[in-house]
file structure19.cif (mmCIF, C-alpha atoms)
data_target
loop_
_atom_site.group_PDB
_atom_site.id
_atom_site.type_symbol
_atom_site.label_atom_id
_atom_site.label_comp_id
_atom_site.auth_asym_id
_atom_site.auth_seq_id
_atom_site.Cartn_x
_atom_site.Cartn_y
_atom_site.Cartn_z
ATOM 1 C CA MET A 12 222.101 22.483 179.876
ATOM 2 C CA GLU A 13 225.434 22.912 181.615
ATOM 3 C CA SER A 14 226.786 19.662 180.134
ATOM 4 C CA LYS A 15 225.827 20.834 176.622
ATOM 5 C CA VAL A 16 227.798 24.072 177.095
ATOM 6 C CA VAL A 17 230.806 22.079 178.313
ATOM 7 C CA ARG A 18 230.626 19.791 175.251
ATOM 8 C CA VAL A 19 230.379 22.804 172.894
ATOM 9 C CA ASN A 20 233.380 24.426 174.568
ATOM 10 C CA GLN A 21 235.359 21.199 174.301
ATOM 11 C CA ARG A 22 234.530 20.926 170.608
ATOM 12 C CA ALA A 23 235.573 24.560 170.040
ATOM 13 C CA LYS A 24 238.866 23.959 171.852
ATOM 14 C CA GLY A 25 239.436 20.805 169.825
ATOM 15 C CA ALA A 26 238.837 22.689 166.580
ATOM 16 C CA LEU A 27 241.256 25.412 167.643
ATOM 17 C CA ARG A 28 243.893 22.803 168.492
ATOM 18 C CA LEU A 29 243.452 21.119 165.084
ATOM 19 C CA GLY A 30 243.710 24.504 163.342
ATOM 20 C CA ALA A 31 246.911 25.333 165.224
ATOM 21 C CA ILE A 32 248.404 21.933 164.377
ATOM 22 C CA GLY A 33 247.531 22.482 160.703
ATOM 23 C CA LEU A 34 249.234 25.868 160.680
ATOM 24 C CA ILE A 35 252.367 24.479 162.323
ATOM 25 C CA ALA A 36 252.485 21.529 159.918
ATOM 26 C CA GLY A 37 251.976 23.839 156.917
ATOM 27 C CA SER A 38 254.740 26.157 158.091
ATOM 28 C CA ALA A 39 257.082 23.207 158.609
ATOM 29 C CA LEU A 40 256.403 21.904 155.097
ATOM 30 C CA ALA A 41 256.953 25.359 153.609
ATOM 31 C CA PHE A 42 260.245 25.612 155.497
ATOM 32 C CA LEU A 43 261.383 22.184 154.297
ATOM 33 C CA ALA A 44 260.432 23.066 150.735
ATOM 34 C CA THR A 45 262.422 26.307 150.697
ATOM 35 C CA ARG A 46 265.320 25.860 153.111
ATOM 36 C CA ASP A 47 267.626 24.386 150.449
ATOM 37 C CA LEU A 48 266.900 27.035 147.812
ATOM 38 C CA ALA A 49 269.877 29.130 146.887
ATOM 39 C CA ARG A 50 269.649 32.855 147.396
ATOM 40 C CA GLY A 51 270.394 34.932 144.327
ATOM 41 C CA GLU A 52 271.156 38.619 144.113
ATOM 42 C CA GLY A 53 268.856 40.528 146.474
ATOM 43 C CA GLY A 54 267.913 37.356 148.367
ATOM 44 C CA THR A 55 265.656 36.003 145.609
ATOM 45 C CA PRO A 56 265.302 32.194 145.821
ATOM 46 C CA VAL A 57 266.977 30.512 142.843
ATOM 47 C CA PRO A 58 265.943 26.841 142.686
ATOM 48 C CA GLY A 59 268.050 24.352 140.768
ATOM 49 C CA GLN A 60 266.530 21.921 138.300
ATOM 50 C CA VAL A 61 265.201 18.971 140.313
ATOM 51 C CA ILE A 62 266.178 15.524 139.043
ATOM 52 C CA ASN A 63 264.866 12.559 141.035
ATOM 53 C CA GLY A 64 263.923 15.075 143.723
ATOM 54 C CA ALA A 65 267.496 15.371 144.986
ATOM 55 C CA HIS A 66 269.360 17.826 142.761
ATOM 56 C CA HIS A 67 271.429 20.512 144.452
ATOM 57 C CA ALA A 68 273.456 22.837 142.246
ATOM 58 C CA LEU A 69 277.217 22.843 142.760
ATOM 59 C CA ASP A 70 277.358 26.560 143.446
ATOM 60 C CA GLU A 71 275.630 29.864 142.757
ATOM 61 C CA GLY A 72 277.130 29.954 139.267
ATOM 62 C CA GLN A 73 275.439 26.700 138.321
ATOM 63 C CA ARG A 74 272.141 27.889 139.764
ATOM 64 C CA ILE A 75 272.338 30.974 137.575
ATOM 65 C CA TYR A 76 273.322 28.815 134.559
ATOM 66 C CA GLU A 77 270.067 26.913 135.104
ATOM 67 C CA LYS A 78 267.968 29.958 136.046
ATOM 68 C CA ALA A 79 269.040 31.795 132.869
ATOM 69 C CA ASN A 80 268.236 28.641 130.844
ATOM 70 C CA CYS A 81 271.736 28.350 129.392
ATOM 71 C CA VAL A 82 270.917 24.622 129.338
ATOM 72 C CA GLY A 83 268.248 25.330 126.702
ATOM 73 C CA CYS A 84 270.871 25.926 123.993
ATOM 74 C CA HIS A 85 274.312 25.115 125.407
ATOM 75 C CA LYS A 86 272.962 22.036 127.260
ATOM 76 C CA TRP A 87 273.832 21.155 130.850
ATOM 77 C CA HIS A 88 277.309 20.039 129.743
ATOM 78 C CA GLY A 89 278.026 23.176 127.706
ATOM 79 C CA GLY A 90 278.622 21.197 124.520
ATOM 80 C CA GLY A 91 276.162 23.275 122.522
ATOM 81 C CA GLY A 92 274.427 22.047 119.390
ATOM 82 C CA GLY A 93 270.800 22.507 118.405
ATOM 83 C CA GLY A 94 268.685 24.434 120.892
ATOM 84 C CA TYR A 95 265.807 26.863 121.283
ATOM 85 C CA GLY A 96 267.884 29.706 119.875
ATOM 86 C CA GLY A 97 269.525 27.758 117.066
ATOM 87 C CA ALA A 98 272.924 26.053 116.981
ATOM 88 C CA ALA A 99 274.717 27.185 120.138
ATOM 89 C CA LEU A 100 278.500 27.218 120.330
ATOM 90 C CA SER A 101 280.330 24.732 122.522
ATOM 91 C CA LEU A 102 281.409 26.290 125.802
ATOM 92 C CA ARG A 103 283.680 23.296 126.337
ATOM 93 C CA ALA A 104 285.677 24.073 123.193
ATOM 94 C CA THR A 105 285.482 27.882 123.225
ATOM 95 C CA GLN A 106 288.711 29.848 122.940
ATOM 96 C CA LEU A 107 287.167 33.047 124.294
ATOM 97 C CA THR A 108 288.828 34.695 127.286
ATOM 98 C CA ARG A 109 286.984 35.457 130.512
ATOM 99 C CA ASP A 110 286.492 39.106 129.517
ATOM 100 C CA GLN A 111 285.154 38.081 126.128
ATOM 101 C CA ILE A 112 282.677 35.613 127.626
ATOM 102 C CA VAL A 113 281.522 38.262 130.108
ATOM 103 C CA GLU A 114 280.883 40.654 127.212
ATOM 104 C CA VAL A 115 278.956 38.005 125.255
ATOM 105 C CA VAL A 116 276.689 37.297 128.242
ATOM 106 C CA HIS A 117 276.106 41.012 128.791
ATOM 107 C CA CYS A 118 275.577 41.834 125.113
ATOM 108 C CA GLY A 119 274.558 38.640 123.329
ATOM 109 C CA ARG A 120 275.946 37.867 119.882
ATOM 110 C CA PRO A 121 274.709 40.114 117.047
ATOM 111 C CA GLY A 122 272.971 38.286 114.222
ATOM 112 C CA THR A 123 272.480 35.090 116.244
ATOM 113 C CA GLY A 124 269.992 33.695 118.765
ATOM 114 C CA MET A 125 272.369 34.354 121.676
ATOM 115 C CA PRO A 126 270.410 36.856 123.823
ATOM 116 C CA ARG A 127 271.700 39.775 125.864
ATOM 117 C CA PHE A 128 271.330 39.200 129.580
ATOM 118 C CA ASP A 129 272.036 42.796 130.584
ATOM 119 C CA ARG A 130 269.002 45.076 130.296
ATOM 120 C CA ASP A 131 271.420 48.026 129.879
ATOM 121 C CA ALA A 132 273.398 46.432 127.028
ATOM 122 C CA TYR A 133 273.984 48.877 124.140
ATOM 123 C CA LYS A 134 272.855 51.672 126.494
ATOM 124 C CA ASP A 135 274.727 52.262 129.748
ATOM 125 C CA TYR A 136 276.748 49.059 129.210
ATOM 126 C CA ARG A 137 278.855 49.544 126.100
ATOM 127 C CA CYS A 138 279.181 46.538 123.818
ATOM 128 C CA TYR A 139 281.749 45.527 121.201
ATOM 129 C CA SER A 140 283.714 48.787 120.920
ATOM 130 C CA ASP A 141 280.701 51.043 121.441
ATOM 131 C CA ILE A 142 278.530 49.609 118.693
ATOM 132 C CA THR A 143 274.959 50.854 119.103
ATOM 133 C CA ALA A 144 271.548 49.259 118.806
ATOM 134 C CA GLN A 145 270.902 51.554 115.823
ATOM 135 C CA ASP A 146 274.102 50.312 114.150
ATOM 136 C CA LEU A 147 272.980 46.714 114.498
ATOM 137 C CA GLY A 148 269.381 47.190 113.414
ATOM 138 C CA LYS A 149 267.743 43.802 112.871
ATOM 139 C CA ASP A 150 270.958 42.058 114.021
ATOM 140 C CA LEU A 151 270.484 43.360 117.570
ATOM 141 C CA PRO A 152 270.563 40.334 119.918
ATOM 142 C CA PRO A 153 267.189 39.483 121.476
ATOM 143 C CA ASP A 154 266.414 40.202 125.118
ATOM 144 C CA ALA A 155 266.899 37.253 127.444
ATOM 145 C CA ALA A 156 263.773 35.826 129.036
ATOM 146 C CA ALA A 157 265.264 36.825 132.418
ATOM 147 C CA PHE A 158 267.884 39.549 132.745
ATOM 148 C CA LEU A 159 270.866 39.020 135.046
ATOM 149 C CA ARG A 160 272.590 41.485 137.344
ATOM 150 C CA PRO A 161 276.288 42.184 136.656
ATOM 151 C CA LYS A 162 277.356 40.109 139.687
ATOM 152 C CA GLU A 163 275.250 37.196 138.464
ATOM 153 C CA ILE A 164 276.934 37.411 135.055
ATOM 154 C CA GLU A 165 280.357 37.292 136.715
ATOM 155 C CA LYS A 166 279.330 34.217 138.710
ATOM 156 C CA VAL A 167 277.914 32.283 135.773
ATOM 157 C CA VAL A 168 281.024 33.031 133.680
ATOM 158 C CA ASP A 169 283.264 31.826 136.509
ATOM 159 C CA TYR A 170 281.175 28.645 136.666
ATOM 160 C CA VAL A 171 281.700 28.072 132.923
ATOM 161 C CA LEU A 172 285.458 28.631 133.260
ATOM 162 C CA GLU A 173 285.813 26.327 136.264
ATOM 163 C CA HIS A 174 283.505 23.472 135.312
ATOM 164 C CA ILE A 175 282.963 23.543 131.533
ATOM 165 C CA LYS A 176 285.576 25.303 129.377
ATOM 166 C CA GLY A 177 288.419 23.034 128.235
ATOM 167 C CA LYS A 178 287.063 19.953 130.035
ATOM 168 C CA GLY A 179 287.086 17.737 126.943
ATOM 169 C CA PRO A 180 284.444 15.068 126.242
ATOM 170 C CA THR A 181 281.485 14.873 128.588
ATOM 171 C CA SER A 182 281.914 12.171 131.242
ATOM 172 C CA TYR A 183 279.787 10.398 133.805
ATOM 173 C CA GLN A 184 281.553 12.404 136.517
ATOM 174 C CA ASP A 185 280.599 15.673 134.801
ATOM 175 C CA CYS A 186 276.973 14.543 134.765
ATOM 176 C CA SER A 187 277.061 13.443 138.408
ATOM 177 C CA ASP A 188 278.598 16.774 139.413
ATOM 178 C CA PHE A 189 275.749 18.592 137.672
ATOM 179 C CA TYR A 190 272.728 16.448 138.524
ATOM 180 C CA GLY A 191 273.927 14.681 141.650
ATOM 181 C CA GLU A 192 275.305 11.208 142.279
ATOM 182 C CA GLY A 193 272.987 8.419 141.185
ATOM 183 C CA SER A 194 270.829 10.544 138.870
ATOM 184 C CA ARG A 195 269.115 8.580 136.115
ATOM 185 C CA ALA A 196 269.974 11.427 133.742
ATOM 186 C CA CYS A 197 273.598 10.229 133.886
ATOM 187 C CA GLU A 198 273.012 6.550 133.098
ATOM 188 C CA VAL A 199 273.730 7.136 129.409
ATOM 189 C CA TYR A 200 277.342 8.076 130.288
ATOM 190 C CA LYS A 201 277.950 5.255 132.747
ATOM 191 C CA ASN A 202 279.027 2.539 130.318
ATOM 192 C CA ILE A 203 280.769 4.721 127.743
ATOM 193 C CA PRO A 204 284.577 4.596 128.101
ATOM 194 C CA LEU A 205 286.141 8.037 128.170
ATOM 195 C CA ASN A 206 288.411 7.200 125.216
ATOM 196 C CA SER A 207 285.325 6.308 123.124
ATOM 197 C CA GLN A 208 283.787 9.676 123.948
ATOM 198 C CA ALA A 209 287.023 11.376 122.950
ATOM 199 C CA ALA A 210 287.111 9.483 119.656
ATOM 200 C CA GLY A 211 283.539 10.503 118.928
ATOM 201 C CA THR A 212 284.350 14.126 119.638
ATOM 202 C CA GLU A 213 287.365 14.052 117.304
ATOM 203 C CA GLU A 214 285.233 12.471 114.576
ATOM 204 C CA LYS A 215 282.687 15.304 114.814
ATOM 205 C CA LYS A 216 285.424 17.911 114.370
ATOM 206 C CA ARG A 217 286.492 16.482 110.996
#
call {"tool": "encode", "arguments": {"input": "structure19.cif", "output": "structure tokens"}}
result
Amino acid sequence: MESKVVRVNQRAKGALRLGAIGLIAGSALAFLATRDLARGEGGTPVPGQVINGAHHALDEGQRIYEKANCVGCHKWHGGGGGGYGGAALSLRATQLTRDQIVEVVHCGRPGTGMPRFDRDAYKDYRCYSDITAQDLGKDLPPDAAAFLRPKEIEKVVDYVLEHIKGKGPTSYQDCSDFYGEGSRACEVYKNIPLNSQAAGTEEKKR
């Protein structure tokens, strides 16, 4: 009888040890899965788009560019073209100033698919010389799928100015900077000479 009790106790202790090991392992995996996530405004995790399991955004501005799905219309390279919201303008070729880009992100572009990323746009945040939502009517820009805080808007605009605006044709280095060195997403740019890309860009402008 005594030996049976001992065996039961040993089994119970073994089960407890296995449970503890499982909890520790689960916590470790959760930590590994989240330790590289960027922290957005208010400490909210902002994951970058994962390519080949190794993508880390350049900075907070790029993380917000991805989080806000700017890539959906303007593409990762900012070249624009067809997208979910229609034909997006090229951020690489834009002549807008920093203040103008900030206003566009806050307020969207009336009459187009460019959404407003500020929930207070046309209310507390005044847009385009105090134009109102009532003035715009059906041309009021749509709400973004995810609104951004003012500081986030500043950061994403600074990212566009530093890494996209005025950078010319898209290159393999641009792609590697965005997705990470060795990403398969960049293979298409690897064997294209920069001067060929430039020629193609000039041809499109004509």
call {"tool": "resolve_selection", "arguments": {"input": "structure19.cif", "expression": "the PyMOL selection byres ((chain A and resi 173-189) around 6)", "output": "list in words"}}
result
Leu102, Arg103, Ala104, Tyr170, Val171, Leu172, Tyr190, Gly191, Glu192, Cys197, Tyr200, Lys201, Gln208 and Ala209 of chain A
call {"tool": "atom_distance", "arguments": {"input": "structure19.cif", "atom1": "CA of Tyr76 in chain A", "atom2": "CA of Val167 in chain A"}}
result
5.9 Å
call {"tool": "closest_residue", "arguments": {"input": "structure19.cif", "among": "A:Lys166, A:His117, A:Arg160, A:Arg74", "to": "Tyr139 in chain A", "atoms": "only C-alpha atoms"}}
result
A:His117
call {"tool": "atom_distance", "arguments": {"input": "structure19.cif", "atom1": "CA of Gly122 in chain A", "atom2": "CA of Leu147 in chain A"}}
result
8.4 Å
call {"tool": "closest_residue", "arguments": {"input": "structure19.cif", "among": "A:Glu163, A:Asp169, A:Asp110, A:Asp141", "to": "Asp129 in chain A", "atoms": "all atoms listed in the file"}}
result
A:Glu163
call {"tool": "residues_around", "arguments": {"input": "structure19.cif", "residues": "range 82-86 of chain A", "least_positions_apart": "3", "cutoff": "10 Å", "atoms": "only C-alpha atoms", "output": "list in words"}}
result
Tyr76, Glu77, Lys78, Ala79, Gly89, Gly90, Gly91, Gly92, Gly93, Gly94, Tyr95, Gly96, Gly97, Ala98, Ala99, Leu100, Ser101, Leu102, Arg103, Gly124 and Met125 of chain A
call {"tool": "atom_distance", "arguments": {"input": "structure19.cif", "atom1": "CA of Cys118 in chain A", "atom2": "CA of Arg130 in chain A"}}
result
9.0 Å
call {"tool": "closest_residue", "arguments": {"input": "structure19.cif", "among": "A:Asp150, A:Glu71, A:Glu114, A:Glu198", "to": "Ala132 in chain A", "atoms": "all atoms listed in the file"}}
result
A:Glu114
call {"tool": "closest_residue", "arguments": {"input": "structure19.cif", "among": "A:Ala196, A:Ala156, A:Val168, A:Ile203", "to": "Ile112 in chain A", "atoms": "all atoms listed in the file"}}
result
A:Val168
call {"tool": "closest_residue", "arguments": {"input": "structure19.cif", "among": "A:Asp146, A:Phe158, A:Gly72, A:Val113", "to": "Asp131 in chain A", "atoms": "only C-alpha atoms"}}
result
A:Phe158
